[in-house]
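A.B. asks: What follows is the file data_1.txt, containing compact mmCIF, C-alpha atoms and all ligand atoms:
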# COMPACT_ATOMS: atom_id res chain seq x y z
CA MET W 1 -5.49 -14.26 52.29
CA GLY W 2 -8.99 -15.43 51.52
CA SER W 3 -9.44 -12.64 49.02
CA ARG W 4 -9.34 -14.95 46.02
CA LEU W 5 -10.87 -13.59 42.91
CA ALA W 6 -10.59 -16.94 41.19
CA LEU W 7 -13.92 -17.90 39.70
CA ASP W 8 -15.90 -21.12 39.38
CA ASP W 9 -14.17 -24.03 37.73
CA GLY W 10 -16.37 -23.80 34.63
CA VAL W 11 -14.87 -20.43 33.81
CA TYR W 12 -11.41 -21.87 33.22
CA LEU W 13 -10.07 -23.85 30.30
CA ARG W 14 -9.13 -27.47 30.66
CA ASN W 15 -5.48 -27.75 31.57
CA SER W 16 -4.88 -29.88 28.49
CA VAL W 17 -5.81 -27.05 26.12
CA GLN W 18 -2.72 -26.01 24.16
CA THR W 19 -4.05 -24.06 21.22
CA ALA W 20 -6.50 -21.19 20.91
CA ALA W 21 -8.10 -20.32 17.57
CA LYS W 22 -10.31 -17.41 16.68
CA ILE W 23 -13.22 -16.85 14.33
CA LEU W 24 -14.88 -13.46 13.94
CA VAL W 25 -18.63 -12.94 13.94
CA VAL W 26 -19.24 -9.57 12.36
CA GLY W 27 -22.08 -7.57 10.91
CA HIS W 28 -23.90 -4.29 11.06
CA PHE W 29 -25.89 -2.93 13.99
CA ALA W 30 -28.48 -5.30 15.48
CA VAL W 31 -27.91 -8.05 12.93
CA GLY W 32 -27.59 -10.77 15.57
CA LYS W 33 -23.89 -10.93 16.51
CA THR W 34 -24.44 -11.03 20.26
CA THR W 35 -27.25 -13.52 19.85
CA PHE W 36 -25.04 -15.80 17.74
CA ILE W 37 -22.17 -15.70 20.20
CA GLY W 38 -24.52 -16.32 23.13
CA THR W 39 -26.04 -19.28 21.31
CA MET W 40 -22.69 -20.92 20.64
CA SER W 41 -20.61 -20.05 23.71
CA GLU W 42 -19.99 -22.54 26.51
CA ILE W 43 -19.43 -19.70 28.96
CA PRO W 44 -21.67 -16.69 29.54
CA PRO W 45 -20.49 -14.31 26.81
CA LEU W 46 -18.02 -11.72 27.94
CA ARG W 47 -17.52 -8.20 26.81
CA THR W 48 -14.47 -6.00 26.67
CA GLU W 49 -14.46 -2.32 26.11
CA GLU W 50 -11.69 -0.29 24.59
CA VAL W 51 -11.46 3.42 24.24
CA MET W 52 -10.63 3.89 20.62
CA THR W 53 -9.46 6.56 18.35
CA GLN W 54 -11.68 6.56 15.34
CA ALA W 55 -10.16 7.85 12.15
CA GLY W 56 -12.31 10.66 10.86
CA GLN W 57 -12.03 9.47 7.31
CA GLY W 58 -13.19 5.91 7.47
CA ILE W 59 -13.43 3.74 4.41
CA ASP W 60 -17.12 3.48 5.23
CA ASP W 61 -17.51 7.22 5.28
CA PRO W 62 -15.31 8.81 2.65
CA LYS W 63 -16.93 12.19 3.17
CA GLY W 64 -16.33 12.11 6.92
CA ALA W 65 -14.72 15.12 8.50
CA PRO W 66 -10.97 14.86 8.92
CA GLY W 67 -9.63 14.60 12.44
CA LYS W 68 -10.22 12.03 15.09
CA THR W 69 -12.67 11.29 17.85
CA THR W 70 -12.38 8.88 20.72
CA THR W 71 -15.17 6.40 21.23
CA THR W 72 -15.76 3.39 23.41
CA VAL W 73 -16.16 0.25 21.40
CA ALA W 74 -17.47 -2.96 22.88
CA MET W 75 -16.48 -6.34 21.64
CA ASP W 76 -18.30 -9.40 22.84
CA PHE W 77 -16.94 -12.87 22.67
CA GLY W 78 -17.60 -16.44 23.63
CA ARG W 79 -15.71 -19.69 23.88
CA LEU W 80 -16.06 -23.22 22.60
CA THR W 81 -13.71 -26.00 23.72
CA LEU W 82 -13.54 -28.25 20.68
CA SER W 83 -11.11 -30.93 21.82
CA ASP W 84 -8.85 -31.74 24.74
CA GLN W 85 -6.27 -29.46 23.30
CA LEU W 86 -8.11 -26.86 21.19
CA VAL W 87 -10.32 -23.94 22.16
CA LEU W 88 -12.16 -21.72 19.69
CA TYR W 89 -13.03 -18.12 20.54
CA LEU W 90 -15.78 -16.27 18.72
CA PHE W 91 -15.37 -12.50 18.65
CA GLY W 92 -18.09 -10.12 17.63
CA THR W 93 -17.58 -6.49 16.78
CA PRO W 94 -19.78 -3.98 15.03
CA GLY W 95 -18.58 -3.10 11.60
CA GLN W 96 -20.28 0.15 10.77
CA GLN W 97 -17.37 2.17 12.06
CA ARG W 98 -13.73 1.89 11.61
CA PHE W 99 -11.96 1.28 14.87
CA VAL W 100 -8.45 0.73 13.68
CA GLN W 101 -6.98 -0.84 16.76
CA VAL W 102 -9.89 -3.09 17.57
CA TRP W 103 -9.92 -4.42 14.06
CA GLU W 104 -6.19 -4.96 14.01
CA ASP W 105 -6.33 -6.80 17.30
CA MET W 106 -9.37 -8.78 16.36
CA THR W 107 -8.26 -9.81 12.90
CA ARG W 108 -4.71 -10.75 13.81
CA GLY W 109 -4.49 -14.52 13.68
CA ALA W 110 -8.18 -15.00 12.91
CA LEU W 111 -8.97 -18.10 10.89
CA GLY W 112 -11.88 -16.40 9.16
CA ALA W 113 -15.06 -14.44 9.64
CA LEU W 114 -18.74 -15.14 9.53
CA VAL W 115 -20.51 -12.06 8.20
CA LEU W 116 -24.09 -11.92 9.45
CA VAL W 117 -26.41 -10.12 7.07
CA ASP W 118 -30.05 -9.10 7.25
CA PRO W 119 -31.60 -9.74 3.84
CA GLU W 120 -33.77 -6.64 4.24
CA ARG W 121 -30.78 -4.38 4.83
CA LEU W 122 -28.15 -5.84 2.55
CA GLU W 123 -26.54 -2.51 1.79
CA ASP W 124 -25.80 -2.04 5.49
CA SER W 125 -23.42 -4.98 5.22
CA PHE W 126 -21.07 -3.36 2.73
CA PRO W 127 -18.96 -1.44 5.26
CA VAL W 128 -18.23 -4.53 7.32
CA MET W 129 -17.51 -6.60 4.23
CA ASP W 130 -15.08 -3.91 3.13
CA LEU W 131 -13.35 -4.08 6.50
CA VAL W 132 -13.06 -7.85 6.50
CA GLU W 133 -11.68 -7.78 2.97
CA HIS W 134 -9.35 -4.94 3.84
CA TYR W 135 -7.78 -7.06 6.58
CA GLY W 136 -7.56 -10.06 4.26
CA ILE W 137 -9.87 -12.23 6.32
CA PRO W 138 -11.67 -14.95 4.35
CA TYR W 139 -15.36 -15.01 5.09
CA ALA W 140 -18.69 -16.71 4.61
CA ILE W 141 -22.08 -14.98 4.59
CA ALA W 142 -24.72 -16.09 7.07
CA VAL W 143 -28.15 -14.73 6.18
CA ASN W 144 -29.98 -14.12 9.42
CA ARG W 145 -33.66 -14.33 8.61
CA PHE W 146 -35.88 -12.26 10.82
CA ASP W 147 -39.50 -13.20 11.33
CA GLY W 148 -41.94 -12.08 8.68
CA THR W 149 -39.37 -10.95 6.18
CA PRO W 150 -39.75 -12.09 2.58
CA VAL W 151 -37.51 -14.90 1.50
CA HIS W 152 -34.73 -14.07 -0.91
CA SER W 153 -32.93 -16.75 -2.80
CA VAL W 154 -29.28 -17.33 -2.12
CA ASP W 155 -28.58 -16.31 -5.70
CA GLU W 156 -30.32 -12.99 -5.25
CA ILE W 157 -28.29 -12.31 -2.14
CA ARG W 158 -25.08 -13.39 -3.79
CA GLU W 159 -25.69 -11.01 -6.63
CA ALA W 160 -26.79 -8.11 -4.44
CA LEU W 161 -23.67 -8.47 -2.30
CA ASP W 162 -21.45 -8.91 -5.34
CA LEU W 163 -19.76 -11.98 -3.89
CA LEU W 164 -17.05 -14.11 -5.38
CA PRO W 165 -18.51 -17.35 -6.76
CA GLU W 166 -16.72 -19.39 -4.09
CA THR W 167 -17.90 -17.35 -1.09
CA PRO W 168 -20.36 -19.52 0.85
CA VAL W 169 -23.83 -18.16 1.60
CA VAL W 170 -25.81 -20.00 4.25
CA ASN W 171 -29.07 -19.33 6.02
CA CYS W 172 -28.83 -18.99 9.74
CA ASP W 173 -31.02 -18.46 12.77
CA ALA W 174 -28.69 -16.98 15.35
CA ARG W 175 -31.05 -18.08 18.12
CA ASP W 176 -30.69 -21.71 17.12
CA GLN W 177 -27.59 -23.65 18.09
CA ARG W 178 -27.78 -26.22 15.33
CA SER W 179 -28.30 -23.59 12.68
CA SER W 180 -25.48 -21.41 14.03
CA ALA W 181 -23.12 -24.38 14.25
CA ASP W 182 -23.94 -25.26 10.64
CA SER W 183 -22.91 -21.77 9.53
CA LEU W 184 -19.60 -22.14 11.33
CA ILE W 185 -19.09 -25.53 9.74
CA ALA W 186 -19.77 -24.06 6.29
CA LEU W 187 -17.18 -21.35 6.99
CA VAL W 188 -14.56 -23.83 8.18
CA ARG W 189 -15.08 -26.09 5.15
CA TYR W 190 -14.59 -23.07 2.93
CA LEU W 191 -11.41 -22.12 4.79
CA GLN W 192 -10.13 -25.64 4.28
CA SER W 193 -10.94 -25.55 0.57
CA ARG W 194 -8.83 -22.41 0.21
CA LEU W 195 -5.74 -24.26 1.43
CA ASN W 196 -5.98 -26.97 -1.19
CA MET D 1 -4.71 2.31 5.48
CA THR D 2 -2.50 4.48 7.63
CA THR D 3 -0.36 2.56 10.05
CA ASP D 4 2.01 5.45 10.63
CA ASP D 5 -0.43 7.10 13.03
CA GLU D 6 -0.18 4.24 15.52
CA PRO D 7 2.12 5.95 17.99
CA GLU D 8 -0.46 8.69 18.15
CA LEU D 9 -3.21 6.18 18.86
CA GLU D 10 -1.20 4.73 21.70
CA GLN D 11 -0.49 8.10 23.10
CA GLU D 12 -4.12 9.06 23.13
CA ALA D 13 -5.07 5.78 24.77
CA ALA D 14 -2.38 6.31 27.38
CA GLU D 15 -3.79 9.68 28.22
CA LEU D 16 -6.81 8.02 29.73
CA VAL D 17 -6.12 8.55 33.35
CA ARG D 18 -6.88 5.29 35.03
CA PRO D 19 -5.11 2.87 32.69
CA TYR D 20 -2.13 5.19 32.66
CA VAL D 21 -1.88 5.06 36.43
CA ILE D 22 -2.34 1.31 36.62
CA THR D 23 0.46 0.69 34.18
CA ASN D 24 2.84 3.08 35.91
CA GLY D 25 2.88 5.35 32.92
CA ARG D 26 4.33 2.80 30.56
CA ASP D 27 3.40 2.97 26.94
CA LEU D 28 0.83 0.49 25.82
CA LEU D 29 2.55 -2.52 24.32
CA ASP D 30 2.95 -2.43 20.62
CA ASP D 31 4.71 -5.75 20.30
CA GLN D 32 2.87 -8.89 19.35
CA GLN D 33 3.78 -10.84 22.46
CA PHE D 34 0.21 -11.16 23.64
CA SER D 35 -2.86 -11.45 21.50
CA LEU D 36 -6.50 -11.54 22.56
CA ILE D 37 -6.34 -15.33 22.65
CA THR D 38 -2.98 -15.85 24.32
CA LEU D 39 -3.65 -18.29 27.17
CA VAL D 40 -2.11 -17.63 30.57
CA THR D 41 -2.19 -19.09 34.06
CA VAL D 42 -0.19 -18.89 37.29
CA HIS D 43 3.37 -20.10 37.12
CA PRO D 44 3.82 -23.49 38.81
CA GLU D 45 6.81 -22.12 40.75
CA PRO D 46 5.92 -18.51 41.49
CA PRO D 47 8.21 -16.03 43.25
CA ARG D 48 7.73 -15.86 47.01
CA THR D 49 6.55 -12.27 47.06
CA LYS D 50 3.26 -11.22 45.54
CA PRO D 51 2.74 -8.02 43.59
CA LEU D 52 1.61 -5.16 45.81
CA ASP D 53 -0.73 -3.21 43.60
CA PRO D 54 -4.36 -4.28 43.51
CA GLU D 55 -4.63 -4.55 39.72
CA ARG D 56 -1.77 -7.00 39.32
CA LEU D 57 -2.91 -8.90 42.39
CA GLY D 58 -6.41 -9.07 40.98
CA VAL D 59 -5.19 -10.49 37.66
CA LEU D 60 -2.98 -12.96 39.49
CA ASP D 61 -5.80 -14.16 41.72
CA LEU D 62 -8.12 -14.47 38.75
CA CYS D 63 -5.55 -16.59 36.94
CA SER D 64 -4.98 -18.84 39.92
CA GLY D 65 -7.94 -21.03 38.94
CA GLY D 66 -6.59 -22.22 35.59
CA PHE D 67 -5.96 -21.06 32.03
CA LEU D 68 -7.76 -18.01 30.63
CA SER D 69 -7.23 -15.94 27.49
CA ILE D 70 -6.19 -12.30 27.61
CA ALA D 71 -9.67 -11.39 26.35
CA GLU D 72 -11.31 -13.33 29.17
CA ILE D 73 -9.11 -11.65 31.77
CA ALA D 74 -10.20 -8.30 30.36
CA GLY D 75 -13.84 -9.39 30.40
CA HIS D 76 -13.74 -10.61 34.01
CA THR D 77 -11.73 -7.70 35.40
CA ARG D 78 -13.47 -5.09 33.21
CA LEU D 79 -10.11 -3.60 32.35
CA PRO D 80 -9.33 -2.55 28.77
CA VAL D 81 -7.48 -5.18 26.76
CA GLY D 82 -4.46 -2.91 26.29
CA VAL D 83 -4.09 -2.56 30.04
CA VAL D 84 -4.50 -6.28 30.65
CA LYS D 85 -1.73 -6.98 28.15
CA ILE D 86 0.64 -4.77 30.11
CA LEU D 87 -0.29 -6.21 33.49
CA VAL D 88 0.06 -9.77 32.18
CA SER D 89 3.33 -8.93 30.48
CA ASP D 90 4.72 -7.64 33.77
CA LEU D 91 3.45 -10.65 35.69
CA VAL D 92 5.01 -13.02 33.15
CA HIS D 93 8.35 -11.22 33.30
CA GLU D 94 8.28 -11.37 37.10
CA GLY D 95 7.58 -15.09 36.98
CA HIS D 96 4.07 -14.98 38.44
CA LEU D 97 2.29 -16.05 35.27
CA CYS D 98 3.19 -18.17 32.30
CA SER D 99 1.63 -18.34 28.88
CA ARG D 100 1.05 -21.09 26.36
CA ALA D 101 3.43 -20.58 23.48
CA PRO D 102 1.74 -18.64 20.69
CA VAL D 103 0.96 -20.72 17.64
CA PRO D 104 2.97 -19.82 14.57
CA SER D 105 0.58 -18.96 11.78
CA ALA D 106 1.99 -21.33 9.21
CA GLN D 107 -0.22 -22.91 6.63
CA LEU D 108 0.46 -26.38 7.92
CA VAL D 109 -0.64 -25.33 11.37
CA ASP D 110 -3.77 -23.67 10.00
CA ARG D 111 -4.59 -26.84 8.17
CA GLN D 112 -4.37 -28.86 11.36
CA ILE D 113 -6.34 -26.32 13.35
CA LEU D 114 -9.11 -26.14 10.75
CA GLU D 115 -9.35 -29.92 10.71
CA GLU D 116 -9.64 -29.96 14.47
CA VAL D 117 -12.17 -27.12 14.54
CA LEU D 118 -14.32 -28.92 11.98
CA ASN D 119 -14.11 -32.25 13.83
CA GLY D 120 -14.90 -30.53 17.10
CA LEU D 121 -17.92 -28.68 15.74
CA GLN D 122 -19.27 -31.82 14.11
CA ALA D 123 -18.73 -33.93 17.22
CA ARG D 124 -20.43 -31.37 19.38
CA PHE D 125 -23.30 -30.16 17.22
CA GLY D 126 -23.50 -32.58 14.30
N1 LIG W 201 -35.85 -13.66 14.10
C1 LIG W 201 -34.59 -13.55 14.43
N2 LIG W 201 -34.21 -12.60 15.32
C2 LIG W 201 -32.91 -12.50 15.66
C3 LIG W 201 -31.94 -13.35 15.09
N3 LIG W 201 -30.73 -12.99 15.58
C4 LIG W 201 -30.94 -11.98 16.42
N4 LIG W 201 -32.25 -11.68 16.49
C5 LIG W 201 -32.85 -10.59 17.28
O1 LIG W 201 -32.36 -9.37 16.76
C6 LIG W 201 -32.08 -8.43 17.80
C7 LIG W 201 -30.65 -7.93 17.73
O2 LIG W 201 -29.77 -9.01 17.97
P1 LIG W 201 -28.32 -8.81 18.63
O3 LIG W 201 -27.75 -10.18 18.79
O4 LIG W 201 -28.38 -7.96 19.82
O5 LIG W 201 -27.59 -8.05 17.47
P2 LIG W 201 -26.10 -7.43 17.49
O6 LIG W 201 -25.57 -7.63 16.11
O7 LIG W 201 -25.29 -7.97 18.60
O8 LIG W 201 -26.43 -5.92 17.72
P3 LIG W 201 -25.40 -4.71 18.10
O9 LIG W 201 -24.39 -5.27 19.06
O10 LIG W 201 -26.27 -3.68 18.71
O11 LIG W 201 -24.81 -4.27 16.81
C8 LIG W 201 -32.41 -9.15 19.11
O12 LIG W 201 -33.68 -8.76 19.52
C9 LIG W 201 -32.38 -10.63 18.72
O13 LIG W 201 -33.25 -11.39 19.51
C10 LIG W 201 -32.37 -14.32 14.14
O14 LIG W 201 -31.56 -15.11 13.59
N5 LIG W 201 -33.69 -14.38 13.86
MG MG W 202 -24.23 -6.91 20.10
Could you express the structure from this file as structure tokens?
C.D. replies:
Amino acid sequence: MGSRLALDDGVYLRNSVQTAAKILVVGHFAVGKTTFIGTMSEIPPLRTEEVMTQAGQGIDDPKGAPGKTTTTVAMDFGRLTLSDQLVLYLFGTPGQQRFVQVWEDMTRGALGALVLVDPERLEDSFPVMDLVEHYGIPYAIAVNRFDGTPVHSVDEIREALDLLPETPVVNCDARDQRSSADSLIALVRYLQSRLN
Amino acid sequence: MTTDDEPELEQEAAELVRPYVITNGRDLLDDQQFSLITLVTVHPEPPRTKPLDPERLGVLDLCSGGFLSIAEIAGHTRLPVGVVKILVSDLVHEGHLCSRAPVPSAQLVDRQILEEVLNGLQARFG
């Protein structure tokens, strides 16, 4: 024997953990998904890769050529043990393309999604918002402010993104744990309000 | 949204040589038995014989340290999630691994989970 691949204790969940929940962290290219997950995760973030068939006619690209191409899509994720018996996983996936199987896998059983948006590139967020809505995932918007960008009011952003009045919009610095946790808390409160 | 092209998706994924070999040519699972966040660990009373192939053995060894999700197993082994699901499914059927029962997605359950997520986030970061 002696060929154990078992890893350090910190890698594993507490034995008491019974339930796993999932929240998605989504957004367009370079909006801060990986940063957010790294900020919040209790383990070094992990990454999985799937070889995917991408539908040629995506909802984000109605003029796309018919037919299919295979692409590798990476999904990064982190973990947060929130009580003796509950663990929360945060999954991040780019939203600018339509990877059917990744999205089906990722959205199945998800409590909700945090959609990271860059206020300077709001229109880039439409494809991922379409996807999240398509899969029926309730979401909150986290506005990731990058240094030196002009400040937009929440109302301006709400209007530009054409949000429902109840959709939460929060400001977020994905590099900051407190700020990132606050965005998750805003999302979870919203999810709770929808059940009432 | 076209769901009727799923068999085709699976077929194309299965054509990828390595995963196909690892899983002995079986189709990728289309059932919902394992999700990304299904938690698994070694069975407390495992069979006496270990699996022979290195991929199953690798997953089994990895899981010997405690509970991990399917996604984490994929991340640590660098195998695609679809392949990990098959390997874990086999190992569960053979009695090497066991999984935490999946949570039914009822509203009542969601309510409890959301409450616990909120409390946990506030306790940890509030
Ligand atoms: N100022 C500022 N910079 C940020 C913030 N979040 C991320 N960044 C920076 O933005 C860049 C992209 O962040 P990533 O976390 O890699 O973005 P991503 O969404 O994972 O990108 P892709 O996976 O390539 O789509 C990095 O250089 C981060 O340091 C933020 O809240 N504020
Ligand atoms: Mg990233």
A.B. asks: List all protein, DNA and RNA residues that have at least one atom no more than 9 Å from any atom of ligand MG 202 (chain W), counting all atoms listed in the file, and write them as a VMD selection string.
C.D. replies: chain W and resid 29 to 35 74 to 76 92 to 94
A.B. asks: Pick out the residues sitting within 10 Å of W:His28, and hand them over as a PDB file with C-alpha atoms, keeping the file's coordinate frame; count only C-alpha atoms, and ignore anything fewer than 2 positions along from it in its own chain.
C.D. replies:
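For reference, selection_23.pdb as written:
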ATOM      1  CA  VAL W  26     -19.240  -9.570  12.360  1.00  0.00           C
ATOM      2  CA  ALA W  30     -28.480  -5.300  15.480  1.00  0.00           C
ATOM      3  CA  VAL W  31     -27.910  -8.050  12.930  1.00  0.00           C
ATOM      4  CA  GLY W  32     -27.590 -10.770  15.570  1.00  0.00           C
ATOM      5  CA  LYS W  33     -23.890 -10.930  16.510  1.00  0.00           C
ATOM      6  CA  THR W  93     -17.580  -6.490  16.780  1.00  0.00           C
ATOM      7  CA  PRO W  94     -19.780  -3.980  15.030  1.00  0.00           C
ATOM      8  CA  GLY W  95     -18.580  -3.100  11.600  1.00  0.00           C
ATOM      9  CA  GLN W  96     -20.280   0.150  10.770  1.00  0.00           C
ATOM     10  CA  GLN W  97     -17.370   2.170  12.060  1.00  0.00           C
ATOM     11  CA  VAL W 115     -20.510 -12.060   8.200  1.00  0.00           C
ATOM     12  CA  LEU W 116     -24.090 -11.920   9.450  1.00  0.00           C
ATOM     13  CA  VAL W 117     -26.410 -10.120   7.070  1.00  0.00           C
ATOM     14  CA  ASP W 118     -30.050  -9.100   7.250  1.00  0.00           C
ATOM     15  CA  ARG W 121     -30.780  -4.380   4.830  1.00  0.00           C
ATOM     16  CA  LEU W 122     -28.150  -5.840   2.550  1.00  0.00           C
ATOM     17  CA  GLU W 123     -26.540  -2.510   1.790  1.00  0.00           C
ATOM     18  CA  ASP W 124     -25.800  -2.040   5.490  1.00  0.00           C
ATOM     19  CA  SER W 125     -23.420  -4.980   5.220  1.00  0.00           C
ATOM     20  CA  PHE W 126     -21.070  -3.360   2.730  1.00  0.00           C
ATOM     21  CA  PRO W 127     -18.960  -1.440   5.260  1.00  0.00           C
ATOM     22  CA  VAL W 128     -18.230  -4.530   7.320  1.00  0.00           C
ATOM     23  CA  MET W 129     -17.510  -6.600   4.230  1.00  0.00           C
TER      24      MET W 129
END
A.B. asks: Using all atoms listed in the file, determine which residues lie at most 12 Å from D:Ala123, disregarding the query and same-chain residues fewer than 5 positions distant; provide the list as a short mmCIF file (atom, residue, chain, number, x, y, z; two decimals) with C-alpha atoms, in the coordinates of the input.
C.D. replies:
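Written out: part_26.cif:
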data_model
loop_
_atom_site.label_atom_id
_atom_site.label_comp_id
_atom_site.auth_asym_id
_atom_site.auth_seq_id
_atom_site.Cartn_x
_atom_site.Cartn_y
_atom_site.Cartn_z
CA THR W 81 -13.71 -26.00 23.72
CA LEU W 82 -13.54 -28.25 20.68
CA SER W 83 -11.11 -30.93 21.82
CA ALA W 181 -23.12 -24.38 14.25
CA ILE W 185 -19.09 -25.53 9.74
CA GLU D 116 -9.64 -29.96 14.47
CA VAL D 117 -12.17 -27.12 14.54
CA LEU D 118 -14.32 -28.92 11.98
#
A.B. asks: What are the residues of chain W that have an atom within 8 Å of an atom of chain D, counting only C-alpha atoms, as a VMD selection string?
C.D. replies: chain W and resid 4 to 9 12 to 15 18 to 22 46 to 53 82 to 83 86 88 to 89 105 to 106 108 to 109 111 177 to 178 181 185 188 to 189 191 to 192 195
A.B. asks: Which value, in Å to one decimal, gives the distance between atom CA of W:Ile23 and atom CA of D:Ser89?
C.D. replies: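 Computing it gives 24.4 Å between the two atoms.
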A.B. asks: Restricting the calculation to only C-alpha atoms and all ligand atoms, which member of W:Cys172, W:Leu187, W:Val132, W:Ala140 is positioned closest to ligand LIG 201 (chain W)?
C.D. replies: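 Of W:Cys172, W:Leu187, W:Val132, W:Ala140, the one nearest ligand LIG 201 (chain W) is W:Cys172, counting only C-alpha atoms and all ligand atoms.
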A.B. asks: For atom CA of W:Thr70 and atom O8 of ligand LIG 201 (chain W), quote the distance in Å rounded to one decimal.
C.D. replies: 20.6 Å
A.B. asks: Quick one: distance from atom CA of W:Ala186 to atom CA of W:Pro165 in Å, one decimal?
C.D. replies: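 These atoms are spaced 14.7 Å apart.
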A.B. asks: Edge lengths and centre in Å to one decimal, as lines of an AutoDock Vina configuration file, of the axis-aligned box that encloses all listed atoms of ligand LIG 201 (chain W) with 6 Å added on every side?
C.D. replies:
center_x = -30.1
center_y = -9.4
center_z = 16.7
size_x = 23.5
size_y = 23.4
size_z = 18.2
A.B. asks: Determine, counting all atoms listed in the file, every residue of protein, DNA or RNA that lies within 10 Å of (-21.7, -19.9, 22.2) in the file coordinates, then give the result as a PDB file with C-alpha atoms, in the coordinates of the input.
C.D. replies:
ATOM      1  CA  THR W  34     -24.440 -11.030  20.260  1.00  0.00           C
ATOM      2  CA  THR W  35     -27.250 -13.520  19.850  1.00  0.00           C
ATOM      3  CA  PHE W  36     -25.040 -15.800  17.740  1.00  0.00           C
ATOM      4  CA  ILE W  37     -22.170 -15.700  20.200  1.00  0.00           C
ATOM      5  CA  GLY W  38     -24.520 -16.320  23.130  1.00  0.00           C
ATOM      6  CA  THR W  39     -26.040 -19.280  21.310  1.00  0.00           C
ATOM      7  CA  MET W  40     -22.690 -20.920  20.640  1.00  0.00           C
ATOM      8  CA  SER W  41     -20.610 -20.050  23.710  1.00  0.00           C
ATOM      9  CA  GLU W  42     -19.990 -22.540  26.510  1.00  0.00           C
ATOM     10  CA  ILE W  43     -19.430 -19.700  28.960  1.00  0.00           C
ATOM     11  CA  PRO W  44     -21.670 -16.690  29.540  1.00  0.00           C
ATOM     12  CA  PRO W  45     -20.490 -14.310  26.810  1.00  0.00           C
ATOM     13  CA  PHE W  77     -16.940 -12.870  22.670  1.00  0.00           C
ATOM     14  CA  GLY W  78     -17.600 -16.440  23.630  1.00  0.00           C
ATOM     15  CA  ARG W  79     -15.710 -19.690  23.880  1.00  0.00           C
ATOM     16  CA  LEU W  80     -16.060 -23.220  22.600  1.00  0.00           C
ATOM     17  CA  TYR W  89     -13.030 -18.120  20.540  1.00  0.00           C
ATOM     18  CA  LEU W  90     -15.780 -16.270  18.720  1.00  0.00           C
ATOM     19  CA  GLN W 177     -27.590 -23.650  18.090  1.00  0.00           C
ATOM     20  CA  SER W 180     -25.480 -21.410  14.030  1.00  0.00           C
ATOM     21  CA  ALA W 181     -23.120 -24.380  14.250  1.00  0.00           C
TER      22      ALA W 181
END
A.B. asks: May I have the residues within 12 Å of D:Lys50 as a ChimeraX atom specification, using only C-alpha atoms and disregarding those fewer than 2 positions away in the same chain?
C.D. replies: /W:1 /D:42,46-48,52-61,91,94-97
A.B. asks: Kindly export the residues of the current selection with C-alpha atoms, as a compact mmCIF listing (two decimals), keeping the file's coordinate frame.
C.D. replies:
# COMPACT_ATOMS: atom_id res chain seq x y z
CA MET W 1 -5.49 -14.26 52.29
CA VAL D 42 -0.19 -18.89 37.29
CA PRO D 46 5.92 -18.51 41.49
CA PRO D 47 8.21 -16.03 43.25
CA ARG D 48 7.73 -15.86 47.01
CA LEU D 52 1.61 -5.16 45.81
CA ASP D 53 -0.73 -3.21 43.60
CA PRO D 54 -4.36 -4.28 43.51
CA GLU D 55 -4.63 -4.55 39.72
CA ARG D 56 -1.77 -7.00 39.32
CA LEU D 57 -2.91 -8.90 42.39
CA GLY D 58 -6.41 -9.07 40.98
CA VAL D 59 -5.19 -10.49 37.66
CA LEU D 60 -2.98 -12.96 39.49
CA ASP D 61 -5.80 -14.16 41.72
CA LEU D 91 3.45 -10.65 35.69
CA GLU D 94 8.28 -11.37 37.10
CA GLY D 95 7.58 -15.09 36.98
CA HIS D 96 4.07 -14.98 38.44
CA LEU D 97 2.29 -16.05 35.27
A.B. asks: Smallest atom-to-atom distance to ligand LIG 201 (chain W): which of W:His152, W:Arg194, W:Arg145, W:Arg158, using all atoms listed in the file?
C.D. replies: W:Arg145
A.B. asks: Considering only C-alpha atoms and all ligand atoms, state which residue in the set W:Gly10, W:Gly148, W:Pro168, W:Gly136 is at the smallest distance from ligand LIG 201 (chain W).
C.D. replies: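 With only C-alpha atoms and all ligand atoms as the atom set, the closest residue is W:Gly148.
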